[in-house]
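Trainee: Sharing a structure here in structure tokens format.
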Amino acid sequence: MSAPSEGSHLDQMCLSTTVSLGDWVRRQLARSNPDTGHIIRVITREMDRWGKNNITIADAQTLAAEPCAVGDPHWDALVSGLVARFFHLRRHPAPAWTNTPPLDEAWDPYEGLVRNNSRHAINVMFTPVELLHRGVILNVRELELL
């Protein structure tokens, strides 16, 4: 029997903390052609799974330990913003490590650096504030599970 690939279901099943999620994102980004949509879907699905449990303050501290950098400041900002959003939606304070300065230039995970055009203007209107504060533009529809 062959070993599961890094993008396999078995690899995704153990994403129970922000540390394991950050490690998984880093591995995905190291691949020759990372699938942005897949990465975002897995992040949102795992955070949705976390949210189905009643989170106590102790659970939140364990869940939200600071992950290592994923290797790309844009993706670090995205992970930070999504974790902050997860906690805000559940009326918990966001972990201190999520209070990061914004990127130098606005960034869309699907399009790269944001240029002024109507598509990005619409996405900005529908981007959660936790992402906007970090310079990440991502339409809330991409985060359906959060």
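Every chain in the structure tokens has a letter given in the order shown (A, B, ...), and although residue numbers restart at 1 in each chain, ligands are simply numbered from 1 in the order shown.
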If we count only C-alpha atoms, what is near A:Ala96 at a cut-off of 12 Å, once residues fewer than 4 positions away on the same chain are taken out, given as a PyMOL selection string?

Mentor: chain A and resi 61+64-66+80-81+83-84+87+92+100

Trainee: When you count only C-alpha atoms, which of these residues is closest to A:Val79: A:His38, A:Lys52, A:Arg26, A:His120?

Mentor: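 Of A:His38, A:Lys52, A:Arg26, A:His120, the one nearest A:Val79, counting only C-alpha atoms, is A:Arg26.
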
Trainee: Contacts of A:Arg41 at 9 Å or less, counting only C-alpha atoms, minus same-chain residues fewer than 3 places along, as a PyMOL selection string?

Mentor: chain A and resi 36-38+44-46+142-143+145

Trainee: Taking only stretch 12-111 of chain A into account, list the residues labelled helix (DSSP H, G or I) by DSSP (computed from the backbone), as a VMD selection string.

Mentor: chain A and resid 12 18 to 29 36 to 51 57 to 63 73 to 89 96 to 98

Trainee: Just C-alpha atoms for this one: save the residues we selected as a PDB file, in the first residue's frame.

Mentor:
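This is the output file selection.pdb:
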ATOM      1  CA  GLN A  12      -5.967  16.762   6.427  1.00  0.00           C
ATOM      2  CA  THR A  18      -3.629  26.431  14.413  1.00  0.00           C
ATOM      3  CA  VAL A  19      -0.125  24.941  14.675  1.00  0.00           C
ATOM      4  CA  SER A  20      -1.069  21.813  12.711  1.00  0.00           C
ATOM      5  CA  LEU A  21      -3.079  23.904  10.251  1.00  0.00           C
ATOM      6  CA  GLY A  22      -0.111  26.256   9.696  1.00  0.00           C
ATOM      7  CA  ASP A  23       2.195  23.289   9.156  1.00  0.00           C
ATOM      8  CA  TRP A  24      -0.234  21.854   6.601  1.00  0.00           C
ATOM      9  CA  VAL A  25      -0.480  25.185   4.741  1.00  0.00           C
ATOM     10  CA  ARG A  26       3.331  25.450   4.668  1.00  0.00           C
ATOM     11  CA  ARG A  27       3.560  21.944   3.135  1.00  0.00           C
ATOM     12  CA  GLN A  28       0.927  22.802   0.542  1.00  0.00           C
ATOM     13  CA  LEU A  29       2.705  26.020  -0.451  1.00  0.00           C
ATOM     14  CA  THR A  36      -5.203  27.981  -3.659  1.00  0.00           C
ATOM     15  CA  GLY A  37      -8.850  26.986  -3.707  1.00  0.00           C
ATOM     16  CA  HIS A  38      -8.108  23.647  -2.071  1.00  0.00           C
ATOM     17  CA  ILE A  39      -6.002  25.271   0.647  1.00  0.00           C
ATOM     18  CA  ILE A  40      -8.709  27.818   1.477  1.00  0.00           C
ATOM     19  CA  ARG A  41     -11.438  25.137   1.459  1.00  0.00           C
ATOM     20  CA  VAL A  42      -9.453  22.953   3.865  1.00  0.00           C
ATOM     21  CA  ILE A  43      -8.750  25.887   6.198  1.00  0.00           C
ATOM     22  CA  THR A  44     -12.418  26.889   6.317  1.00  0.00           C
ATOM     23  CA  ARG A  45     -13.601  23.293   6.689  1.00  0.00           C
ATOM     24  CA  GLU A  46     -11.226  22.628   9.573  1.00  0.00           C
ATOM     25  CA  MET A  47     -12.151  25.862  11.344  1.00  0.00           C
ATOM     26  CA  ASP A  48     -15.805  24.985  10.893  1.00  0.00           C
ATOM     27  CA  ARG A  49     -15.095  21.621  12.506  1.00  0.00           C
ATOM     28  CA  TRP A  50     -13.362  23.380  15.420  1.00  0.00           C
ATOM     29  CA  GLY A  51     -16.385  25.635  15.819  1.00  0.00           C
ATOM     30  CA  ILE A  57     -11.137  29.593  27.252  1.00  0.00           C
ATOM     31  CA  ALA A  58      -8.696  26.739  27.987  1.00  0.00           C
ATOM     32  CA  ASP A  59      -9.624  25.034  24.705  1.00  0.00           C
ATOM     33  CA  ALA A  60      -9.173  28.321  22.868  1.00  0.00           C
ATOM     34  CA  GLN A  61      -5.662  28.765  24.253  1.00  0.00           C
ATOM     35  CA  THR A  62      -4.668  25.263  23.152  1.00  0.00           C
ATOM     36  CA  LEU A  63      -6.392  25.597  19.792  1.00  0.00           C
ATOM     37  CA  PRO A  73       3.938  36.781   4.396  1.00  0.00           C
ATOM     38  CA  HIS A  74       0.734  36.911   2.339  1.00  0.00           C
ATOM     39  CA  TRP A  75      -0.385  33.482   3.519  1.00  0.00           C
ATOM     40  CA  ASP A  76       0.724  34.307   7.069  1.00  0.00           C
ATOM     41  CA  ALA A  77      -1.599  37.333   6.921  1.00  0.00           C
ATOM     42  CA  LEU A  78      -4.425  35.168   5.554  1.00  0.00           C
ATOM     43  CA  VAL A  79      -4.037  32.521   8.279  1.00  0.00           C
ATOM     44  CA  SER A  80      -3.792  35.226  10.952  1.00  0.00           C
ATOM     45  CA  GLY A  81      -6.920  36.957   9.681  1.00  0.00           C
ATOM     46  CA  LEU A  82      -8.919  33.743   9.416  1.00  0.00           C
ATOM     47  CA  VAL A  83      -7.967  32.692  12.939  1.00  0.00           C
ATOM     48  CA  ALA A  84      -8.916  36.143  14.276  1.00  0.00           C
ATOM     49  CA  ARG A  85     -12.255  35.897  12.429  1.00  0.00           C
ATOM     50  CA  PHE A  86     -12.880  32.422  13.835  1.00  0.00           C
ATOM     51  CA  PHE A  87     -12.456  33.691  17.397  1.00  0.00           C
ATOM     52  CA  HIS A  88     -14.415  36.904  16.858  1.00  0.00           C
ATOM     53  CA  LEU A  89     -17.381  35.009  15.425  1.00  0.00           C
ATOM     54  CA  ALA A  96      -2.351  38.043  20.454  1.00  0.00           C
ATOM     55  CA  TRP A  97      -0.231  36.647  17.601  1.00  0.00           C
ATOM     56  CA  THR A  98      -3.015  37.509  15.138  1.00  0.00           C
TER      57      THR A  98
END

Trainee: Distance atom CA of A:Asn116-atom CA of A:Ile137, one decimal place?

Mentor: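 These atoms are spaced 12.1 Å apart.
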
Trainee: Step one, run DSSP on the backbone; step two, keep only residues of chain A assigned to strand (DSSP E or B); then write them as a ChimeraX atom specification.

Mentor: /A:107-108,112-113,136

Trainee: Write out, as an mmCIF file, in the first residue's frame, the residues just selected, with N, CA and C atoms.

Mentor:
data_model
loop_
_atom_site.group_PDB
_atom_site.id
_atom_site.type_symbol
_atom_site.label_atom_id
_atom_site.label_comp_id
_atom_site.auth_asym_id
_atom_site.auth_seq_id
_atom_site.Cartn_x
_atom_site.Cartn_y
_atom_site.Cartn_z
ATOM 1 N N TRP A 107 -3.504 42.110 -1.143
ATOM 2 C CA TRP A 107 -3.241 40.825 -1.798
ATOM 3 C C TRP A 107 -4.506 39.989 -1.828
ATOM 4 N N ASP A 108 -4.735 39.343 -2.953
ATOM 5 C CA ASP A 108 -5.838 38.412 -3.153
ATOM 6 C C ASP A 108 -5.211 37.038 -3.387
ATOM 7 N N GLY A 112 -3.163 37.455 -6.607
ATOM 8 C CA GLY A 112 -1.885 38.076 -6.262
ATOM 9 C C GLY A 112 -2.097 39.500 -5.779
ATOM 10 N N LEU A 113 -1.131 40.365 -6.057
ATOM 11 C CA LEU A 113 -1.248 41.752 -5.617
ATOM 12 C C LEU A 113 -2.451 42.401 -6.279
ATOM 13 N N VAL A 136 -5.513 41.626 3.188
ATOM 14 C CA VAL A 136 -5.922 40.463 2.390
ATOM 15 C C VAL A 136 -7.336 40.704 1.875
#

Trainee: Looking at only C-alpha atoms, which of A:Asn53, A:Glu111, A:Arg90, A:Asn99 is the one that sits closest to A:Leu131?

Mentor: A:Asn99

Trainee: Have a look at atom CA of A:Pro95 and atom CA of A:Met125 and let me know their distance in Å, one decimal.

Mentor: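 Taking atom CA of A:Pro95 as the start and atom CA of A:Met125 as the end point, the length is 25.3 Å.
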
Trainee: Using only C-alpha atoms, pick whichever of A:Asp72, A:Glu105, A:Asp35, A:Glu144 has the shortest atom-to-atom distance to A:Thr127.

Mentor: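 Among the listed residues, the smallest separation from A:Thr127 belongs to A:Glu144.
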
Trainee: Report, in Å with one decimal, the straight-line distance from atom CA of A:Val114 to atom CA of A:Pro93.

Mentor: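 So the two atoms, atom CA of A:Val114 and atom CA of A:Pro93, lie 29.3 Å apart.
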
Trainee: Counting only C-alpha atoms, which residue out of A:Thr17, A:Arg115, A:Val140, A:Ser32 sits closest to A:Pro67?

Mentor: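 Of A:Thr17, A:Arg115, A:Val140, A:Ser32, the one nearest A:Pro67, counting only C-alpha atoms, is A:Thr17.
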
Trainee: For a quick check of understanding, using only C-alpha atoms, which of A:Leu103, A:Leu15, A:Leu138, A:Ala94 has the smallest distance to A:Ala121?

Mentor: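 Between A:Leu103, A:Leu15, A:Leu138, A:Ala94, the residue approaching A:Ala121 most closely is A:Leu138.
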
Trainee: Using only C-alpha atoms, can you tell me which of A:Ala106, A:Gly71, A:Arg91, A:Ser118 comes closest to A:Leu132?

Mentor: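 Distance minimum relative to A:Leu132 lands on A:Ala106.
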